[in-house]
Amino acid sequence: MTDVVIADEQVQLVDSRNRPRGSTARRTMRRLACWHRATYVVVRSRSGQICVQQRTLQKETYPGGFDLAAGGVVGAGESSLPAARRELEEELGIRGCRLEGGHTFRFAEDGLYAFGSLYWVHHDGPLRLQASEVAAVRWLPLDEALALEMATPDTRVALTLAARENGW
């Protein structure tokens, strides 16, 4: 998908209480710092390591940073669970796994206003990286993943919540 297509992608807007309020192009949502919905899927190996994605330098936010969860914005008219499955397959090539969780959290920082739907999955199989979004992955213990200085703040919150929920 090209940057132009991504910028024009229609995303679900919500108000500060997570009630649907229409949709707009992703670029408009970013420019106006609108409330929207997003998904976060923490990928954890059976040995307890977290899949950390290094973002490409072309990403619109936090280029070159580290995502501690797969995910992205929820499209207009899309529900969170299908969006989470879509993002997980697009970014890491993981499909057919049962996603656990589904809890919602509120994130408001650095001009990002999102209601995140949090999921997690255990995965030890192969990955297929989305070249336009994921430069590389590494598997890290939970404490090392959370300590990464360039971790995106929203995925840091997502991983912290998933770890707390699961007693990791």
# chains A, B, ... in the order shown; residues from 1 in each chain; ligands from 1
>>> select_by_dssp(residues="chain A", states="alpha helix (DSSP H)", output="PyMOL selection string")
chain A and resi 3-8+26-32+80-92+142-147+153-166
>>> write_last_selection(atoms="C-alpha atoms", output="PDB file, in the first residue's frame")
ATOM      1  CA  ASP A   3       1.647   6.383   1.405  1.00  0.00           C
ATOM      2  CA  VAL A   4      -1.002   8.172  -0.656  1.00  0.00           C
ATOM      3  CA  VAL A   5      -3.439   5.286  -0.227  1.00  0.00           C
ATOM      4  CA  ILE A   6      -2.684   5.051   3.506  1.00  0.00           C
ATOM      5  CA  ALA A   7      -3.213   8.802   3.973  1.00  0.00           C
ATOM      6  CA  ASP A   8      -6.599   8.589   2.233  1.00  0.00           C
ATOM      7  CA  ARG A  26      -6.263   9.100   8.130  1.00  0.00           C
ATOM      8  CA  ARG A  27      -4.306  12.266   7.226  1.00  0.00           C
ATOM      9  CA  THR A  28      -7.139  14.465   8.551  1.00  0.00           C
ATOM     10  CA  MET A  29      -7.406  12.412  11.740  1.00  0.00           C
ATOM     11  CA  ARG A  30      -3.662  12.846  12.336  1.00  0.00           C
ATOM     12  CA  ARG A  31      -3.604  16.567  11.412  1.00  0.00           C
ATOM     13  CA  LEU A  32      -6.552  17.419  13.676  1.00  0.00           C
ATOM     14  CA  SER A  80     -11.974  -3.979  16.552  1.00  0.00           C
ATOM     15  CA  LEU A  81     -11.496  -7.756  16.456  1.00  0.00           C
ATOM     16  CA  PRO A  82     -11.477  -8.017  12.633  1.00  0.00           C
ATOM     17  CA  ALA A  83      -9.187  -4.954  12.542  1.00  0.00           C
ATOM     18  CA  ALA A  84      -6.794  -6.613  15.012  1.00  0.00           C
ATOM     19  CA  ARG A  85      -6.724  -9.819  12.950  1.00  0.00           C
ATOM     20  CA  ARG A  86      -6.148  -7.814   9.764  1.00  0.00           C
ATOM     21  CA  GLU A  87      -3.284  -5.800  11.251  1.00  0.00           C
ATOM     22  CA  LEU A  88      -1.628  -8.891  12.741  1.00  0.00           C
ATOM     23  CA  GLU A  89      -1.688 -10.641   9.372  1.00  0.00           C
ATOM     24  CA  GLU A  90      -0.581  -7.536   7.433  1.00  0.00           C
ATOM     25  CA  GLU A  91       2.345  -6.657   9.706  1.00  0.00           C
ATOM     26  CA  LEU A  92       3.638 -10.058  10.797  1.00  0.00           C
ATOM     27  CA  LEU A 142       9.208  -8.422  28.893  1.00  0.00           C
ATOM     28  CA  ASP A 143      11.408  -6.156  31.044  1.00  0.00           C
ATOM     29  CA  GLU A 144      13.818  -5.457  28.175  1.00  0.00           C
ATOM     30  CA  ALA A 145      10.971  -4.696  25.780  1.00  0.00           C
ATOM     31  CA  LEU A 146       9.408  -2.247  28.235  1.00  0.00           C
ATOM     32  CA  ALA A 147      12.812  -0.607  28.836  1.00  0.00           C
ATOM     33  CA  PRO A 153       4.222   5.163  24.040  1.00  0.00           C
ATOM     34  CA  ASP A 154       0.857   3.657  23.119  1.00  0.00           C
ATOM     35  CA  THR A 155       2.295   0.171  22.590  1.00  0.00           C
ATOM     36  CA  ARG A 156       4.212   0.485  25.873  1.00  0.00           C
ATOM     37  CA  VAL A 157       0.867   1.056  27.625  1.00  0.00           C
ATOM     38  CA  ALA A 158      -0.675  -1.876  25.719  1.00  0.00           C
ATOM     39  CA  LEU A 159       2.132  -4.261  26.690  1.00  0.00           C
ATOM     40  CA  THR A 160       2.049  -3.115  30.321  1.00  0.00           C
ATOM     41  CA  LEU A 161      -1.700  -3.746  30.487  1.00  0.00           C
ATOM     42  CA  ALA A 162      -1.419  -7.161  28.792  1.00  0.00           C
ATOM     43  CA  ALA A 163       1.374  -8.197  31.192  1.00  0.00           C
ATOM     44  CA  ARG A 164      -0.637  -7.066  34.197  1.00  0.00           C
ATOM     45  CA  GLU A 165      -3.776  -8.827  32.964  1.00  0.00           C
ATOM     46  CA  ASN A 166      -1.897 -12.095  32.413  1.00  0.00           C
TER      47      ASN A 166
END
>>> select_by_dssp(residues="chain A", states="strand (DSSP E)", output="number ranges by chain")
A: 10-14, 20-25, 35-44, 50-55, 66-67, 70-73, 100-109, 112-122, 134-140
>>> write_last_selection(atoms="C-alpha atoms", output="CSV table (one decimal), in the first residue's frame")
chain,number,residue,atom,x,y,z
A,10,GLN,CA,-11.0,6.2,6.0
A,11,VAL,CA,-10.8,5.7,9.8
A,12,GLN,CA,-13.5,5.4,12.4
A,13,LEU,CA,-13.8,8.6,14.5
A,14,VAL,CA,-15.2,8.6,18.0
A,20,PRO,CA,-18.9,6.6,17.0
A,21,ARG,CA,-18.8,10.1,15.3
A,22,GLY,CA,-18.3,9.3,11.6
A,23,SER,CA,-15.1,8.8,9.7
A,24,THR,CA,-12.4,10.8,7.9
A,25,ALA,CA,-9.2,10.3,6.0
A,35,TRP,CA,-10.2,10.6,18.8
A,36,HIS,CA,-10.2,7.3,17.0
A,37,ARG,CA,-10.1,3.6,17.6
A,38,ALA,CA,-6.9,1.4,17.3
A,39,THR,CA,-6.0,-2.2,17.9
A,40,TYR,CA,-3.0,-3.6,19.8
A,41,VAL,CA,-2.0,-7.2,19.6
A,42,VAL,CA,0.9,-8.3,21.9
A,43,VAL,CA,2.7,-11.3,20.4
A,44,ARG,CA,4.3,-13.5,23.0
A,50,ILE,CA,7.8,-10.4,23.3
A,51,CYS,CA,7.9,-9.7,19.6
A,52,VAL,CA,9.2,-6.2,19.1
A,53,GLN,CA,8.9,-4.6,15.7
A,54,GLN,CA,11.2,-1.9,14.5
A,55,ARG,CA,9.2,0.6,12.5
A,66,PHE,CA,9.9,0.2,18.3
A,67,ASP,CA,6.3,-1.2,18.5
A,70,ALA,CA,1.2,-5.2,16.3
A,71,GLY,CA,-1.9,-3.1,15.3
A,72,GLY,CA,-3.2,0.0,13.9
A,73,VAL,CA,-6.2,2.2,13.3
A,100,GLU,CA,-7.3,-13.3,23.6
A,101,GLY,CA,-8.4,-10.2,25.5
A,102,GLY,CA,-10.4,-7.5,23.8
A,103,HIS,CA,-10.2,-5.0,26.6
A,104,THR,CA,-10.4,-1.3,25.8
A,105,PHE,CA,-8.1,1.4,27.1
A,106,ARG,CA,-7.8,5.1,26.6
A,107,PHE,CA,-4.6,6.7,25.4
A,108,ALA,CA,-4.1,10.5,25.1
A,109,GLU,CA,-0.5,11.7,24.7
A,112,LEU,CA,-2.5,10.8,19.7
A,113,TYR,CA,-6.1,10.3,21.0
A,114,ALA,CA,-7.1,6.7,20.8
A,115,PHE,CA,-9.3,4.1,22.3
A,116,GLY,CA,-7.2,0.9,22.0
A,117,SER,CA,-8.6,-2.6,21.9
A,118,LEU,CA,-6.0,-4.8,23.5
A,119,TYR,CA,-5.4,-8.4,22.4
A,120,TRP,CA,-2.6,-10.9,22.9
A,121,VAL,CA,-1.6,-14.1,21.2
A,122,HIS,CA,1.0,-16.8,21.7
A,134,VAL,CA,8.2,-3.3,9.7
A,135,ALA,CA,12.0,-3.0,9.2
A,136,ALA,CA,12.9,-5.9,11.5
A,137,VAL,CA,11.7,-7.8,14.6
A,138,ARG,CA,13.4,-9.1,17.6
A,139,TRP,CA,12.2,-11.2,20.5
A,140,LEU,CA,12.9,-9.7,24.0
>>> atom_distance(atom1="atom CA of Gly111 of chain A", atom2="atom CA of Asp15 of chain A")
14.8 Å
>>> atom_distance(atom1="atom CA of Ile94 of chain A", atom2="atom CA of His123 of chain A")
8.2 Å
>>> atom_distance(atom1="atom CA of Asn18 of chain A", atom2="atom CA of Thr61 of chain A")
22.2 Å
>>> closest_residue(among="A:Gly75, A:Arg46, A:Leu148, A:Gly93", to="Leu129 of chain A", atoms="only C-alpha atoms")
A:Gly93
